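Everything on this sheet refers to the single structure shown next.
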Amino acid sequence: MTKTFALFATVALSALVAGMAQAEDIKIKLSTLVDKTAPARVTNIEAAAAIINDQFKAAGIDKHIVVETNVSAAKGWDDLALEDMKAFSVGQGPDIYVLPHEWIGKFAEDGNALPMDSKIAANPWAYADILPVLWTAAKAKDGKIYGIPQDAEIRMFFYNKDMLRKIGKDEAFIESLPAKVEAGEFTLDDLTALSKQVVDGKAAQYGMLHRPNVGIDYLMVFQSYGVKFMDDKTGKLMFPKAEMLKALGWYERNARQGVTPADNTAMSWDAIQGAFKQEKAFIFHQGVWAVAWQLGDKNGATWPTDKDGYFHKIGWIPAPAAEKGGKPANLSHPLLYTVNAKSKNADLAADLVALATLPYFNTEHDVASYHTAISNAQTAMPKYKENWVLSAASPMMAHAQFVPNHTQFGSYNKVLFSGLQAVETGKMTAAQAVDFIADELGLQFGADVEIREAVSN
């Protein structure tokens, strides 16, 4: 690590030494969303600044980096992205900002995100070990990388093994489920059938629950059915009707067979989480951070908090394949450290991001906030390995996919969710919902969305 910092210092200081005429505070503005569980998004940049400041002092350079952070109380990451866009429009954009990856294309298009390809190539000590799949999420449609993964997470289906024992399933069957899903031997319809057995066997009130509002967890299922939400060549959003019909048909079958309650989307978060924690629901799908509340005393039940005890009770699988022999699907939603291309201190800001990306700093963030590693080296670090939740979740990144890097996908997803809601409540059939969603997308986006009648390639 010392050699790394020495090399880094030579690069960073050479960029500043020529202009050191007088003492100077170099202000670096950082923008992120308020998150009490993830303070390291800020403190890691501050720690990186402290390292460079020590190097300045050792070299006799009278300069000092001051990190000024705007921790926004915006409702979510999309709202923060819009806030940052407004700041950039009046020339007051931050030097570094945390961005949900699907917005990277818009900020790159506007010239407010620094292309990072050359920085990545020049700093292998920081970037060579980043999980390759994560770079996909940081690319704009021109193929260039405009952000650095700040964290990652993975979504999964949680299922209650005790309920399978109650309906007579043996340990061999129970413990073989993840391997069968990985091999494409256990499909989404198999999961529906198993959930129905649990409900019919009176082991659970609900077979399968999902989030009650717009999000991305349920999109795993759509991807298992082969849905592509964006054309990689044109950069346009697309709506493949044939694959959408299959995916919505799965949700329709779940509701009609009593596996998922018709009012799932009207339930509160507390009710859904409580149902799983209090063992009224067999399956719940969300993300790895959900383990935090599963292990805590929230929702009125106590579960084992050790690895062996927890995994004896609860299992994890990605979204199974839609057909035998297919591949399972997983979703990740990385956040990115993004550098203002127009900042007078863009190079220094990029150096801070490089340091903050090192395994030590990212591990401090991950273990506190239940996010998965962005590099292979992190998974070998003692503090990360000791967190059995993250260690168990990291291999699931192998199937990670991402929502499109398209700023209008949020609006698209709202329409999709309204169709899903209509299907589950019985207001529409899956076929009617496909036509409804297609019409709504056409009205909202016009030629900016491709409605595909045939099966997409």
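Chain labels follow the order of the structure tokens: the first chain is A, the next B, and so on; residue numbering restarts at 1 in every chain, and ligands are counted from 1 in their shown order.
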
If you count only C-alpha atoms, which residues fall within 9 Å of region 250-255 of chain A, apart from same-chain ones fewer than 4 positions away, as a PDB file with C-alpha atoms, in the first residue's frame?
ATOM      1  CA  LEU A 188     -39.986 -19.717 -12.284  1.00  0.00           C
ATOM      2  CA  ASP A 189     -43.035 -21.932 -12.809  1.00  0.00           C
ATOM      3  CA  THR A 192     -44.778 -20.926  -8.308  1.00  0.00           C
ATOM      4  CA  LYS A 196     -48.548 -23.104  -3.903  1.00  0.00           C
ATOM      5  CA  GLY A 207     -46.639 -17.927  -1.041  1.00  0.00           C
ATOM      6  CA  MET A 208     -44.680 -15.062  -2.548  1.00  0.00           C
ATOM      7  CA  VAL A 221     -38.325 -11.808 -13.475  1.00  0.00           C
ATOM      8  CA  LEU A 245     -46.588 -11.084 -22.098  1.00  0.00           C
ATOM      9  CA  LYS A 246     -44.734 -14.110 -20.751  1.00  0.00           C
ATOM     10  CA  VAL A 259     -49.524 -17.624  -4.482  1.00  0.00           C
ATOM     11  CA  THR A 260     -49.268 -13.819  -4.449  1.00  0.00           C
ATOM     12  CA  PRO A 261     -52.131 -11.854  -2.860  1.00  0.00           C
ATOM     13  CA  ALA A 262     -54.105  -9.684  -5.249  1.00  0.00           C
ATOM     14  CA  LEU A 420     -48.193  -5.324 -13.218  1.00  0.00           C
ATOM     15  CA  VAL A 423     -52.669  -7.820 -13.607  1.00  0.00           C
ATOM     16  CA  GLU A 424     -52.328  -8.839  -9.972  1.00  0.00           C
ATOM     17  CA  THR A 425     -55.513  -7.090  -8.892  1.00  0.00           C
ATOM     18  CA  GLY A 426     -57.445  -8.715 -11.731  1.00  0.00           C
ATOM     19  CA  THR A 429     -55.327  -9.865 -18.080  1.00  0.00           C
ATOM     20  CA  ALA A 430     -51.644 -10.084 -18.940  1.00  0.00           C
TER      21      ALA A 430
END

(message) Using DSSP secondary structure from the backbone, list all strand (DSSP E or B) positions within region 195-383 of chain A, as a PyMOL selection string.
(response) chain A and resi 206-209+230+237-240+281-287+314-317+319+321+329-331+335-339+372+375

Emit the selected residues as an mmCIF file, in the first residue's frame, including N, CA and C atoms.
data_model
loop_
_atom_site.group_PDB
_atom_site.id
_atom_site.type_symbol
_atom_site.label_atom_id
_atom_site.label_comp_id
_atom_site.auth_asym_id
_atom_site.auth_seq_id
_atom_site.Cartn_x
_atom_site.Cartn_y
_atom_site.Cartn_z
ATOM 1 N N TYR A 206 -49.010 -16.570 2.840
ATOM 2 C CA TYR A 206 -48.661 -16.056 1.517
ATOM 3 C C TYR A 206 -47.559 -16.916 0.906
ATOM 4 N N GLY A 207 -47.687 -17.161 -0.375
ATOM 5 C CA GLY A 207 -46.639 -17.927 -1.041
ATOM 6 C C GLY A 207 -45.457 -17.069 -1.440
ATOM 7 N N MET A 208 -45.749 -15.891 -2.019
ATOM 8 C CA MET A 208 -44.680 -15.062 -2.548
ATOM 9 C C MET A 208 -45.090 -13.593 -2.503
ATOM 10 N N LEU A 209 -44.240 -12.765 -1.901
ATOM 11 C CA LEU A 209 -44.479 -11.330 -1.835
ATOM 12 C C LEU A 209 -43.351 -10.581 -2.523
ATOM 13 N N MET A 230 -33.727 -1.881 -23.445
ATOM 14 C CA MET A 230 -33.109 -0.852 -24.280
ATOM 15 C C MET A 230 -32.356 -1.498 -25.427
ATOM 16 N N LEU A 237 -35.170 3.169 -25.555
ATOM 17 C CA LEU A 237 -35.924 2.222 -24.765
ATOM 18 C C LEU A 237 -36.775 1.372 -25.691
ATOM 19 N N MET A 238 -37.007 0.127 -25.290
ATOM 20 C CA MET A 238 -37.876 -0.699 -26.123
ATOM 21 C C MET A 238 -38.803 -1.549 -25.259
ATOM 22 N N PHE A 239 -39.889 -1.949 -25.863
ATOM 23 C CA PHE A 239 -40.914 -2.722 -25.184
ATOM 24 C C PHE A 239 -41.227 -3.945 -26.039
ATOM 25 N N PRO A 240 -40.579 -5.095 -25.734
ATOM 26 C CA PRO A 240 -40.815 -6.323 -26.509
ATOM 27 C C PRO A 240 -42.075 -7.033 -26.017
ATOM 28 N N ALA A 281 -45.113 -15.552 5.286
ATOM 29 C CA ALA A 281 -44.841 -15.586 3.850
ATOM 30 C C ALA A 281 -43.663 -16.510 3.572
ATOM 31 N N PHE A 282 -43.777 -17.316 2.548
ATOM 32 C CA PHE A 282 -42.730 -18.267 2.171
ATOM 33 C C PHE A 282 -41.567 -17.578 1.468
ATOM 34 N N ILE A 283 -41.895 -16.686 0.520
ATOM 35 C CA ILE A 283 -40.867 -16.033 -0.305
ATOM 36 C C ILE A 283 -41.064 -14.530 -0.283
ATOM 37 N N PHE A 284 -39.954 -13.827 -0.247
ATOM 38 C CA PHE A 284 -39.935 -12.373 -0.390
ATOM 39 C C PHE A 284 -38.717 -12.035 -1.219
ATOM 40 N N HIS A 285 -38.874 -11.165 -2.217
ATOM 41 C CA HIS A 285 -37.660 -10.813 -2.966
ATOM 42 C C HIS A 285 -37.375 -9.326 -2.910
ATOM 43 N N GLN A 286 -36.114 -9.048 -2.573
ATOM 44 C CA GLN A 286 -35.609 -7.679 -2.517
ATOM 45 C C GLN A 286 -34.096 -7.720 -2.714
ATOM 46 N N GLY A 287 -33.311 -7.164 -1.777
ATOM 47 C CA GLY A 287 -31.864 -7.115 -1.957
ATOM 48 C C GLY A 287 -31.134 -7.534 -0.705
ATOM 49 N N ILE A 314 -33.157 -19.875 6.316
ATOM 50 C CA ILE A 314 -33.455 -19.066 5.126
ATOM 51 C C ILE A 314 -32.498 -19.414 3.988
ATOM 52 N N GLY A 315 -33.046 -19.491 2.778
ATOM 53 C CA GLY A 315 -32.225 -19.716 1.593
ATOM 54 C C GLY A 315 -32.317 -18.549 0.642
ATOM 55 N N TRP A 316 -31.332 -18.449 -0.240
ATOM 56 C CA TRP A 316 -31.296 -17.388 -1.250
ATOM 57 C C TRP A 316 -31.160 -18.012 -2.634
ATOM 58 N N ILE A 317 -31.874 -17.472 -3.595
ATOM 59 C CA ILE A 317 -31.675 -17.851 -5.004
ATOM 60 C C ILE A 317 -31.862 -16.607 -5.875
ATOM 61 N N ALA A 319 -33.355 -14.988 -9.511
ATOM 62 C CA ALA A 319 -34.600 -15.287 -10.217
ATOM 63 C C ALA A 319 -34.352 -16.497 -11.111
ATOM 64 N N ALA A 321 -34.580 -19.358 -14.070
ATOM 65 C CA ALA A 321 -34.810 -19.239 -15.508
ATOM 66 C C ALA A 321 -36.293 -19.421 -15.814
ATOM 67 N N ALA A 329 -31.410 -14.990 -13.419
ATOM 68 C CA ALA A 329 -31.121 -13.557 -13.576
ATOM 69 C C ALA A 329 -31.012 -12.890 -12.212
ATOM 70 N N ASN A 330 -30.133 -11.933 -12.153
ATOM 71 C CA ASN A 330 -29.977 -11.126 -10.952
ATOM 72 C C ASN A 330 -29.842 -9.669 -11.342
ATOM 73 N N LEU A 331 -30.203 -8.801 -10.458
ATOM 74 C CA LEU A 331 -30.080 -7.365 -10.698
ATOM 75 C C LEU A 331 -29.160 -6.733 -9.673
ATOM 76 N N LEU A 335 -24.071 2.468 -7.551
ATOM 77 C CA LEU A 335 -23.916 3.916 -7.540
ATOM 78 C C LEU A 335 -22.508 4.232 -8.026
ATOM 79 N N LEU A 336 -22.356 5.399 -8.603
ATOM 80 C CA LEU A 336 -21.080 5.781 -9.209
ATOM 81 C C LEU A 336 -20.550 7.072 -8.608
ATOM 82 N N TYR A 337 -19.242 7.113 -8.369
ATOM 83 C CA TYR A 337 -18.561 8.379 -8.140
ATOM 84 C C TYR A 337 -18.316 8.991 -9.518
ATOM 85 N N THR A 338 -18.820 10.177 -9.732
ATOM 86 C CA THR A 338 -18.699 10.839 -11.030
ATOM 87 C C THR A 338 -17.982 12.173 -10.852
ATOM 88 N N VAL A 339 -17.089 12.482 -11.780
ATOM 89 C CA VAL A 339 -16.281 13.697 -11.693
ATOM 90 C C VAL A 339 -16.791 14.728 -12.697
ATOM 91 N N THR A 372 -22.368 -5.054 -1.469
ATOM 92 C CA THR A 372 -21.396 -6.061 -1.868
ATOM 93 C C THR A 372 -20.137 -5.430 -2.464
ATOM 94 N N SER A 375 -14.705 -5.149 -5.863
ATOM 95 C CA SER A 375 -13.451 -5.723 -6.355
ATOM 96 C C SER A 375 -13.235 -7.095 -5.748
#

(request) Skip Phe88 (chain A) itself and residues of its chain fewer than 3 positions away, then list as an MDAnalysis selection string all residues within 10 Å of it, counting only C-alpha atoms. (result) chainID A and resid 82:85 91:94 107 110:112 340 342

(request) Mind checking which residues fall within 7 Å of Asn70 (chain A), counting only C-alpha atoms, ignoring those fewer than 3 positions away in the same chain, and posting them as a ChimeraX atom specification? (result) /A:30-32

(request) Write out as a count of residues only each polymer residue whose atoms come within 8 Å of region 388-395 of chain A, counting only C-alpha atoms; drop sequence neighbours fewer than 4 positions from it. (result) 11

(message) Could you pull out the alpha helix (DSSP H) residues of region 153-381 of chain A, going by DSSP on the backbone, and write them as JSON, numbers by chain?
(response) {"A": [161, 162, 163, 164, 165, 166, 171, 172, 173, 174, 175, 176, 177, 178, 179, 180, 181, 182, 188, 189, 190, 191, 192, 193, 194, 195, 196, 197, 198, 199, 200, 219, 220, 221, 222, 223, 224, 241, 242, 243, 244, 245, 246, 247, 248, 249, 250, 251, 252, 253, 254, 255, 256, 269, 270, 271, 272, 273, 274, 275, 276, 277, 290, 291, 292, 293, 294, 295, 307, 308, 309, 310, 311, 312, 313, 346, 347, 348, 349, 350, 351, 352, 353, 354, 355, 356, 359, 360, 361, 362, 363, 364, 365, 366, 367, 368, 369, 376, 377, 378, 379]}

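CA of Ala87 (chain A) is found 25.1 Å from CA of His64 (chain A).
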
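Distances from A:Phe173, A:Tyr97, A:Trp77, A:Phe445 to Ala350 (chain A) were compared using only C-alpha atoms, and the smallest one belongs to A:Tyr97.
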
(request) Write out as a PyMOL selection string the residues lying within 8 Å of Phe402 (chain A), counting only C-alpha atoms and excluding same-chain residues fewer than 6 positions away. (result) chain A and resi 137+331-333

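Restricting the calculation to only C-alpha atoms, the smallest distance between Glu323 (chain A) and any of A:Ile148, A:Ala183, A:Val133, A:Ile216 is found for A:Ala183.
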
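Take the candidates A:Glu109, A:Asp129, A:Glu102, A:Glu24 and check each one against Ile65 (chain A) using only C-alpha atoms; the shortest distance goes to A:Glu24.
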
Which residues of region 181-252 of chain A come within 12 Å of region 168-172 of chain A, and what is each one's closest atom pair and distance in Å (one decimal), counting only C-alpha atoms, sorted by chain and residue number, as CSV?
residue,atom,partner,partner_atom,distance
A:Leu194,CA,A:Lys169,CA,10.3
A:Gln197,CA,A:Gly168,CA,10.3
A:Val198,CA,A:Gly168,CA,9.9
A:Gly201,CA,A:Gly168,CA,9.4
A:Lys202,CA,A:Gly168,CA,12.0
A:Ala203,CA,A:Gly168,CA,10.5

(message) So that I can check the surroundings of Val181 (chain A), please list as JSON, numbers by chain every protein, DNA and RNA residue that reaches within 9 Å of it, counting only C-alpha atoms and ignoring chain neighbours fewer than 5 positions away.
(response) {"A": [176, 186, 187, 317, 318, 319, 320, 321, 327, 328]}
